[in-house]
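Here is target-v2.txt, consisting of compact mmCIF, C-alpha atoms:
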```txt
# COMPACT_ATOMS: atom_id res chain seq x y z
CA MET A 7 86.88 98.52 117.52
CA ASN A 8 89.79 100.15 119.34
CA TRP A 9 89.61 103.64 117.85
CA TYR A 10 92.07 105.01 120.40
CA GLY A 11 94.72 102.45 119.41
CA MET A 12 94.26 103.13 115.69
CA LYS A 13 94.46 106.88 116.21
CA ALA A 14 97.59 106.49 118.35
CA ILE A 15 99.41 104.60 115.58
CA TYR A 16 98.10 106.98 112.92
CA TYR A 17 99.06 110.16 114.78
CA PHE A 18 102.49 108.76 115.66
CA GLU A 19 103.24 108.07 112.00
CA MET A 20 101.89 111.45 110.89
CA ALA A 21 104.01 113.18 113.55
CA ARG A 22 107.09 111.50 112.07
CA THR A 23 106.23 113.16 108.75
CA TRP A 24 106.22 116.64 110.25
CA ARG A 25 109.53 115.93 111.98
CA THR A 26 111.09 114.97 108.64
CA LEU A 27 109.25 117.47 106.44
CA MET A 28 112.15 118.07 104.07
CA GLN A 29 112.61 114.37 103.40
CA SER A 30 108.92 113.40 103.37
CA ILE A 31 107.40 116.25 101.37
CA ALA A 32 109.90 118.80 100.08
CA SER A 33 112.36 116.34 98.51
CA PRO A 34 109.86 114.36 96.34
CA VAL A 35 108.07 117.57 95.28
CA LEU A 36 111.39 119.13 94.26
CA SER A 37 112.40 116.00 92.32
CA THR A 38 109.08 115.92 90.46
CA SER A 39 109.33 119.66 89.75
CA LEU A 40 112.61 119.01 87.95
CA TYR A 41 110.77 116.58 85.66
CA PHE A 42 108.21 119.30 84.92
CA VAL A 43 110.96 121.78 84.09
CA VAL A 44 112.98 119.41 81.88
CA PHE A 45 110.27 117.33 80.19
CA GLY A 46 107.32 119.71 80.46
CA SER A 47 108.80 123.12 79.72
CA ALA A 48 112.10 122.46 77.94
CA ILE A 49 111.48 119.29 75.91
CA GLY A 50 107.68 119.53 75.85
CA SER A 51 107.73 122.90 74.10
CA ARG A 52 109.54 121.28 71.15
CA MET A 53 107.26 118.23 70.84
CA GLY A 54 103.88 117.85 69.21
CA ASP A 55 100.60 117.09 70.91
CA ILE A 56 99.63 113.57 72.00
CA ASP A 57 95.93 112.76 71.58
CA GLY A 58 95.30 116.50 71.25
CA ILE A 59 97.07 117.28 74.55
CA SER A 60 100.30 119.23 74.85
CA TYR A 61 103.20 117.03 75.88
CA GLY A 62 103.84 118.99 79.07
CA ALA A 63 100.26 118.47 80.22
CA PHE A 64 100.17 114.86 78.97
CA ILE A 65 102.96 113.70 81.29
CA ILE A 66 101.52 115.27 84.46
CA PRO A 67 99.40 112.22 85.47
CA GLY A 68 102.35 109.91 84.86
CA LEU A 69 104.73 112.01 86.93
CA VAL A 70 102.23 112.29 89.78
CA MET A 71 101.70 108.53 89.67
CA LEU A 72 105.47 107.95 89.68
CA SER A 73 105.80 110.02 92.85
CA LEU A 74 102.67 108.49 94.38
CA LEU A 75 103.75 104.87 93.93
CA SER A 76 107.27 105.36 95.23
CA GLN A 77 106.23 107.44 98.25
CA SER A 78 103.33 105.17 99.21
CA ILE A 79 105.64 102.16 99.27
CA SER A 80 108.47 104.03 101.00
CA ASN A 81 106.30 105.54 103.75
CA ALA A 82 104.45 102.33 104.57
CA SER A 83 107.47 100.02 104.40
CA PHE A 84 109.64 102.20 106.64
CA GLY A 85 106.76 102.80 109.02
CA ILE A 86 106.43 99.10 109.91
CA PHE A 87 110.08 98.13 109.36
CA PHE A 88 111.53 100.53 111.93
CA PRO A 89 109.51 99.05 114.86
CA LYS A 90 110.78 95.63 113.76
CA PHE A 91 114.34 96.94 113.60
CA SER A 92 114.17 98.62 117.01
CA GLY A 93 112.20 95.82 118.67
CA THR A 94 109.20 98.00 119.56
CA ILE A 95 106.97 95.93 117.25
CA TYR A 96 106.33 93.59 120.19
CA GLU A 97 104.78 96.44 122.16
CA VAL A 98 102.35 97.02 119.30
CA LEU A 99 101.57 93.31 118.95
CA SER A 100 100.97 92.91 122.69
CA ALA A 101 98.70 95.99 122.88
CA PRO A 102 94.91 95.49 122.78
CA VAL A 103 94.69 96.30 119.07
CA SER A 104 93.75 93.81 116.36
CA PRO A 105 95.81 93.18 113.20
CA PHE A 106 93.13 95.06 111.25
CA GLU A 107 93.54 98.10 113.49
CA ILE A 108 97.34 97.97 113.21
CA VAL A 109 97.14 97.89 109.42
CA VAL A 110 94.60 100.73 109.33
CA GLY A 111 96.87 102.88 111.52
CA TYR A 112 100.08 102.34 109.54
CA VAL A 113 98.58 102.14 106.05
CA GLY A 114 96.18 105.01 106.72
CA ALA A 115 99.05 107.30 107.71
CA ALA A 116 101.17 106.28 104.71
CA ALA A 117 98.24 106.76 102.32
CA THR A 118 97.45 110.17 103.84
CA LYS A 119 101.04 111.33 103.29
CA SER A 120 100.93 110.14 99.68
CA ILE A 121 97.60 111.85 98.97
CA VAL A 122 98.87 115.14 100.42
CA LEU A 123 102.06 114.78 98.39
CA GLY A 124 100.07 114.08 95.22
CA LEU A 125 97.90 117.17 95.71
CA ILE A 126 100.94 119.35 96.41
CA THR A 127 102.63 117.97 93.28
CA LEU A 128 99.54 118.81 91.20
CA ALA A 129 99.52 122.33 92.60
CA THR A 130 103.24 122.67 91.82
CA ALA A 131 102.69 121.44 88.25
CA ARG A 132 100.36 124.39 87.65
CA ILE A 133 103.38 126.69 87.96
CA PHE A 134 105.10 125.05 84.99
CA VAL A 135 102.32 123.63 82.81
CA ASP A 136 98.70 124.57 82.17
CA TYR A 137 96.36 121.59 82.50
CA SER A 138 92.73 120.75 83.20
CA ILE A 139 90.92 118.01 85.13
CA VAL A 140 87.83 116.79 83.31
CA HIS A 141 86.71 114.37 86.03
CA PRO A 142 87.95 115.76 89.39
CA MET A 143 86.03 113.25 91.52
CA TRP A 144 87.46 110.34 89.55
CA MET A 145 90.90 111.90 89.87
CA LEU A 146 90.55 111.96 93.67
CA ALA A 147 89.18 108.41 93.62
CA PHE A 148 92.19 107.11 91.67
CA LEU A 149 94.51 109.12 93.93
CA VAL A 150 93.05 107.57 97.09
CA LEU A 151 92.71 104.06 95.68
CA THR A 152 96.28 103.99 94.38
CA SER A 153 97.68 105.42 97.62
CA VAL A 154 95.89 102.84 99.77
CA THR A 155 96.78 99.95 97.46
CA PHE A 156 100.49 100.69 97.27
CA SER A 157 100.69 101.62 100.94
CA LEU A 158 99.41 98.10 101.65
CA PHE A 159 102.01 96.76 99.24
CA GLY A 160 104.69 98.79 101.01
CA PHE A 161 103.48 97.49 104.37
CA MET A 162 104.11 93.92 103.15
CA ILE A 163 107.57 94.92 101.90
CA GLY A 164 108.35 96.37 105.32
CA ILE A 165 107.36 93.07 106.96
CA TRP A 166 109.37 91.05 104.44
CA ALA A 167 112.57 93.16 104.60
CA ASP A 168 115.13 92.25 107.24
CA ASP A 169 117.55 95.13 106.53
CA PHE A 170 117.41 98.68 105.18
CA GLN A 171 118.79 97.68 101.78
CA LYS A 172 115.87 95.36 101.07
CA LEU A 173 113.42 98.23 101.61
CA GLN A 174 114.73 99.81 98.39
CA ILE A 175 115.05 96.73 96.19
CA ILE A 176 111.45 96.45 94.97
CA PRO A 177 110.73 100.21 94.62
CA LEU A 178 113.98 100.90 92.73
CA MET A 179 114.40 97.66 90.77
CA ILE A 180 110.75 96.92 89.93
CA ILE A 181 108.24 99.72 90.59
CA THR A 182 110.22 102.63 89.09
CA PRO A 183 111.11 100.79 85.84
CA LEU A 184 107.50 99.57 85.47
CA THR A 185 106.28 103.15 85.88
CA PHE A 186 108.66 104.50 83.23
CA LEU A 187 107.63 101.66 80.90
CA GLY A 188 103.95 102.05 81.77
CA GLY A 189 103.20 105.14 79.72
CA ALA A 190 104.27 107.84 82.16
CA PHE A 191 106.00 109.81 79.37
CA TYR A 192 104.18 108.49 76.30
CA SER A 193 101.05 106.78 75.08
CA ILE A 194 101.45 103.04 74.67
CA ASN A 195 99.61 103.40 71.34
CA MET A 196 102.83 104.98 70.05
CA LEU A 197 104.67 101.67 70.49
CA PRO A 198 105.01 99.18 67.62
CA GLU A 199 103.96 95.58 67.98
CA PRO A 200 104.76 93.35 69.80
CA TRP A 201 105.81 95.91 72.44
CA GLN A 202 102.36 97.46 72.60
CA SER A 203 100.77 94.12 73.47
CA LEU A 204 103.55 93.18 75.90
CA THR A 205 103.10 96.48 77.72
CA LEU A 206 99.57 95.43 78.68
CA PHE A 207 101.12 92.90 81.08
CA ASN A 208 102.54 95.83 83.04
CA PRO A 209 100.05 96.54 85.86
CA VAL A 210 101.19 100.16 86.19
CA VAL A 211 99.82 100.85 82.69
CA TYR A 212 96.28 100.58 84.03
CA LEU A 213 96.97 102.94 86.93
CA ILE A 214 98.48 105.64 84.74
CA SER A 215 95.88 105.21 82.01
CA GLY A 216 92.96 105.53 84.41
CA PHE A 217 94.52 108.51 86.16
CA ARG A 218 95.18 110.25 82.83
CA TRP A 219 91.58 109.61 81.77
CA SER A 220 90.37 111.48 84.85
CA PHE A 221 92.37 114.51 83.65
CA TYR A 222 91.73 114.61 79.92
CA GLY A 223 89.12 111.97 79.09
CA VAL A 224 91.60 109.95 77.00
CA ALA A 225 93.15 106.62 77.98
CA ASP A 226 95.25 103.81 76.56
CA VAL A 227 92.89 101.19 78.03
CA GLY A 228 89.24 101.33 79.08
CA ILE A 229 88.45 103.03 82.37
CA GLY A 230 86.56 99.95 83.55
CA VAL A 231 89.62 97.78 82.95
CA SER A 232 91.81 100.27 84.85
CA LEU A 233 89.47 100.24 87.84
CA GLY A 234 89.22 96.45 87.73
CA MET A 235 92.98 95.93 87.66
CA THR A 236 93.51 98.43 90.49
CA GLY A 237 90.81 96.71 92.54
CA LEU A 238 92.38 93.32 91.84
CA PHE A 239 95.79 94.47 93.06
CA LEU A 240 94.17 95.97 96.17
CA ALA A 241 92.46 92.64 96.87
CA LEU A 242 95.76 90.78 96.46
CA CYS A 243 97.49 93.15 98.87
CA MET A 244 94.69 92.73 101.40
CA ALA A 245 94.94 88.96 101.09
CA GLY A 246 98.73 89.09 101.51
CA THR A 247 98.43 91.26 104.62
CA TYR A 248 95.83 88.90 106.10
CA TRP A 249 98.15 85.93 105.50
CA ILE A 250 101.07 87.74 107.18
CA PHE A 251 99.14 88.28 110.40
CA LYS A 252 97.50 84.87 110.29
CA THR A 253 100.84 83.08 110.04
CA GLY A 254 102.95 85.63 111.96
CA TYR A 255 105.39 85.80 109.04
CA ARG A 256 108.49 87.73 110.20
CA ILE A 257 106.62 89.59 112.92
CA LYS A 258 106.29 86.95 115.64
CA ALA A 259 109.51 85.02 115.07
```

Hey, can you dump this file as structure tokens for me?
Amino acid sequence: MNWYGMKAIYYFEMARTWRTLMQSIASPVLSTSLYFVVFGSAIGSRMGDIDGISYGAFIIPGLVMLSLLSQSISNASFGIFFPKFSGTIYEVLSAPVSPFEIVVGYVGAAATKSIVLGLITLATARIFVDYSIVHPMWMLAFLVLTSVTFSLFGFMIGIWADDFQKLQIIPLMIITPLTFLGGAFYSINMLPEPWQSLTLFNPVVYLISGFRWSFYGVADVGIGVSLGMTGLFLALCMAGTYWIFKTGYRIKA
């Protein structure tokens, strides 16, 4: 195991975060804070409780997950795309580091940024809304698992994209709408049929539901199902990454 090579990639990506602190950390935290102000304080104060939880507190897990998914994908996809764009990817591929070590370096850095961002967002939410965390260890587990899973997904997007515009297609056109429709601002039990049943085909539902359960002990779907679906998506991303390096898809051509 080439620990030095992995740490070099990891530290390089983390250093890029500190060089772009406003874009990497401050901007997403500010954007999420606006949601807390508008939906949590302004609108939430005029709405009733959902499952015995104030609306402002109810939407916190969904807003954190919205930020987590988008930033995990963005950080990981740009991290591997830019070496492709600049041509330095061949230096990484020719170095004595295995594909596994390359993925650990890039995905580990992207996941770390997302976890830090998620924790900062939770701390910021405390300023606007009072909330509790019933299962803090499960909350951290979902935070880490989701960050790693979608950083892997973003890594594959970065390999697939051949221009900067394509980096934004999937996060903006697919992930963000799925998050808004996945119960970030409401319980799916509030939906009439057949929309309630159709929503269960949205994979983001299981992420938000499990994350919300770790806060308040209530969920739209069983916690076991949420963990299973998250694990399944992680396995698919791992399989996709393995196939990319095995075939050299868009990295050796």

Checklist outcome for this item: Atom pair CA of Ser80 in chain A + CA of Ser232 in chain A, distance 23.5 Å

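Distance check against Tyr41 in chain A using all atoms listed in the file: of A:Arg22, A:Ile65, A:Leu242, A:Ala167, the minimum falls on A:Ile65.
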
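Among the candidates A:Ala21, A:Thr127, A:Met7, A:Arg52, the residue lying nearest to Ser33 in chain A is A:Thr127 (atoms considered: all atoms listed in the file).
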
Next on the checklist: For a test of reading the model, state the distance in Å between CA of Leu173 in chain A and CA of Thr94 in chain A, rounded to one decimal.
Outcome noted: 18.4 Å

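When CA of Gly160 in chain A is paired with CA of Tyr16 in chain A, their separation reads 15.9 Å.
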
Next on the checklist: Need to verify the contact set: Ala117 in chain A, 7 Å, all atoms listed in the file, exclusion of same-chain residues closer than 6 positions in sequence. Can you return it as a ChimeraX atom specification?
Outcome noted: /A:78,153-154,157

Item to check | Among listed residues A:Trp201, A:Trp249, A:Phe159, A:Trp144, nearest Ile229 in chain A (using only C-alpha atoms) | outcome: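 Closest to Ile229 in chain A, using only C-alpha atoms: A:Trp144.
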